[in-house]
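Since the structure comes first, as structure tokens, the remarks are kept for the end.
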Amino acid sequence: MRHGTSSPRVALRAVAALLFIACPAFAAAEPVFGPTVYTKTASGSPDLYTDPIASASAGRRFLWVQNGDDDGGRVAGGSITVNGATVVGDAELQGPRELFVKPITLQAGANSISVTLSGDTGSLLTVLILGPKERPFLTVGRLLLPYASASPNLQVELKNGSHGGARSVRVHLYDAAGALVATSGRIVIDRKASLSEAVSDLIANGSFTAGSIEVFYAGHGRGRVFGQVATTNGATGIASIVPLQHAGSRVRDPFRLLND
């Protein structure tokens, strides 16, 4: 019997254990709020969104902000307030970082967040609130259809490709000249779930006859949103289906955030 030696397998296990201890821990828990995507819709004047935040306990939290996606689409300015206190302003939104974090304090129970956006129509901002030891596991993106006509029977069909989290979705509809003429409200598609709606039922503001369609989405964990539009010929009953194109996306993985 030999003493004072160890097998390669035992040595590898020891090294792996040391690496595990040395690596900083990260969490990818469900956010306290969001991820919620906010889009610039009004031409000229700023957009204002206000949402409730429910917190199980009072204390320190962190507001993470993703400005745009991998194809740009960044808002030019604005502000974020939590319970009436300004947390983010023009300086942060106009700065070089597309992802940044700000400390906030929440009270137990009801809280509120207000987001003001300025910049180009169709720019987007994604917001989520996490606990002190958590990092964002976030996917944001856009889908695009270059041209469609609302008549006859135009349907938008979306599929959440994530098995881990819901997706917050907003739909913009533009006329043939590129002017934003209609928008949906915020739509939530549960994990692995689908949505099929007539364009007329999706629209919360404005009206749409013909032009392009842009779908913005954000959610927790990996997984894109996929989509298509469909029209049905009333005389023949034959459906015509056109897929939506991926126009931009961004995945923020907690492990990579700690090691970039």
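The way I read the labels, and the way they are meant: chains A, B, ... in the order of the structure tokens, residue 1 as the first residue of every chain, and ligand 1 as the first ligand shown, with later ones counted on from there.
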
**OP:** Just the helix (DSSP H, G or I) stuff from range 15-230 of chain A, please, per backbone DSSP, written as a PyMOL selection string.
**Re:** chain A and resi 15-22+90-93+199-202

Could you write out the selected residues, including C-alpha atoms, as a JSON list (two decimals), in the first residue's frame?
```json
[["chain", "number", "residue", "atom", "x", "y", "z"],
["A", 15, "VAL", "CA", -9.27, 22.04, -6.49],
["A", 16, "ALA", "CA", -12.93, 22.33, -7.44],
["A", 17, "ALA", "CA", -13.90, 22.74, -3.78],
["A", 18, "LEU", "CA", -11.32, 25.52, -3.33],
["A", 19, "LEU", "CA", -12.55, 27.30, -6.45],
["A", 20, "PHE", "CA", -16.13, 27.09, -5.23],
["A", 21, "ILE", "CA", -15.14, 28.64, -1.90],
["A", 22, "ALA", "CA", -13.08, 31.36, -3.58],
["A", 90, "ASP", "CA", -30.41, 62.78, -16.94],
["A", 91, "ALA", "CA", -26.79, 62.34, -15.86],
["A", 92, "GLU", "CA", -27.14, 58.57, -15.47],
["A", 93, "LEU", "CA", -29.29, 58.05, -18.57],
["A", 199, "VAL", "CA", -54.46, 44.27, -33.53],
["A", 200, "SER", "CA", -57.64, 46.23, -32.85],
["A", 201, "ASP", "CA", -57.88, 44.59, -29.41],
["A", 202, "LEU", "CA", -54.20, 45.18, -28.59]]
```

**OP:** Write out as a list in words the residues lying within 9 Å of Gln228 in chain A, counting only C-alpha atoms and excluding same-chain residues fewer than 5 positions away.
**Re:**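 So, after excluding close chain neighbours, the residues are Leu145, Gln155, Val156, Glu157, Leu158, Ile241, Val242, Pro243, Leu244 and Gln245 of chain A.
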
Expected file: the selected residues, N, CA and C atoms, as an mmCIF file, in the first residue's frame:
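File produced: part_28.cif:
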```cif
data_model
loop_
_atom_site.group_PDB
_atom_site.id
_atom_site.type_symbol
_atom_site.label_atom_id
_atom_site.label_comp_id
_atom_site.auth_asym_id
_atom_site.auth_seq_id
_atom_site.Cartn_x
_atom_site.Cartn_y
_atom_site.Cartn_z
ATOM 1 N N LEU A 145 -41.846 43.836 -37.569
ATOM 2 C CA LEU A 145 -42.463 43.473 -38.844
ATOM 3 C C LEU A 145 -42.410 44.707 -39.730
ATOM 4 N N GLN A 155 -53.895 39.564 -36.927
ATOM 5 C CA GLN A 155 -53.650 39.005 -35.595
ATOM 6 C C GLN A 155 -52.160 39.080 -35.282
ATOM 7 N N VAL A 156 -51.818 39.445 -34.043
ATOM 8 C CA VAL A 156 -50.445 39.358 -33.553
ATOM 9 C C VAL A 156 -50.360 38.159 -32.623
ATOM 10 N N GLU A 157 -49.416 37.266 -32.908
ATOM 11 C CA GLU A 157 -49.267 36.037 -32.128
ATOM 12 C C GLU A 157 -47.857 35.994 -31.550
ATOM 13 N N LEU A 158 -47.755 35.936 -30.213
ATOM 14 C CA LEU A 158 -46.471 35.970 -29.512
ATOM 15 C C LEU A 158 -46.318 34.729 -28.648
ATOM 16 N N ILE A 241 -49.350 33.885 -42.971
ATOM 17 C CA ILE A 241 -48.545 34.056 -41.760
ATOM 18 C C ILE A 241 -47.179 34.611 -42.121
ATOM 19 N N VAL A 242 -46.757 35.665 -41.403
ATOM 20 C CA VAL A 242 -45.444 36.277 -41.603
ATOM 21 C C VAL A 242 -44.740 36.355 -40.244
ATOM 22 N N PRO A 243 -43.510 35.811 -40.121
ATOM 23 C CA PRO A 243 -42.808 35.859 -38.833
ATOM 24 C C PRO A 243 -42.287 37.248 -38.513
ATOM 25 N N LEU A 244 -42.252 37.581 -37.225
ATOM 26 C CA LEU A 244 -41.612 38.801 -36.759
ATOM 27 C C LEU A 244 -40.108 38.585 -36.698
ATOM 28 N N GLN A 245 -39.350 39.599 -37.061
ATOM 29 C CA GLN A 245 -37.895 39.504 -37.085
ATOM 30 C C GLN A 245 -37.299 40.019 -35.776
#
```

**OP:** Just give me the gap between CA of Glu134 in chain A and CA of Thr36 in chain A in Å, one decimal is fine.
**Re:** 17.2 Å

**OP:** Find the spatial neighbours of range 57-68 of chain A, counting only C-alpha atoms, within a cut-off of 9 Å - ignore same-chain residues fewer than 6 positions away - and output them as an NGL selection string.
**Re:** :A and (32 or 74-75 or 87 or 93 or 97-109 or 123-132 or 134-136 or 140-141 or 249-250)

Subject >> Given only C-alpha atoms as the counted atoms, nearest of A:Phe137, A:Ser162, A:Val115, A:Leu154 to Arg256 in chain A >> reply: A:Phe137

Subject >> Selected residue of minimal separation from Ala148 in chain A among A:Asp120, A:Asp70, A:Asp253, A:Glu214, counting only C-alpha atoms >> reply: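 Closest to Ala148 in chain A, using only C-alpha atoms: A:Glu214.
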
Original post:
Between A:Leu144, A:Ala176, A:Ile189, A:Leu138, which has the minimum distance to Arg252 in chain A (counting only C-alpha atoms)?
Top reply: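 Counting only C-alpha atoms, the residue closest to Arg252 in chain A is A:Leu138.
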
Original post:
Residues at most 10 Å from Ala179 in chain A, counting only C-alpha atoms, excluding those fewer than 4 positions away in the same chain, as a PyMOL selection string?
Top reply: chain A and resi 43+121+173-175+211-212

Original post:
Which parts of range 64-247 of chain A does DSSP call strand (DSSP E) when run on the backbone here, written out as a PyMOL selection string?
Top reply: chain A and resi 64-67+77-82+85-88+99-106+109-118+124-130+138-149+155-160+167-175+180-184+187-189+194-198+203-206+210-220+225-232+239-243+245-247

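Considering the residues A:Gly165, A:Ser55, A:Val82, A:Ile213 and counting only C-alpha atoms, Ser149 in chain A has its shortest atom-to-atom contact with A:Ile213.
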
Subject >> Selected residue, from A:Gly77, A:His172, A:Arg142, A:Ser196, that lies nearest to Tyr217 in chain A when counting only C-alpha atoms >> reply: A:Arg142
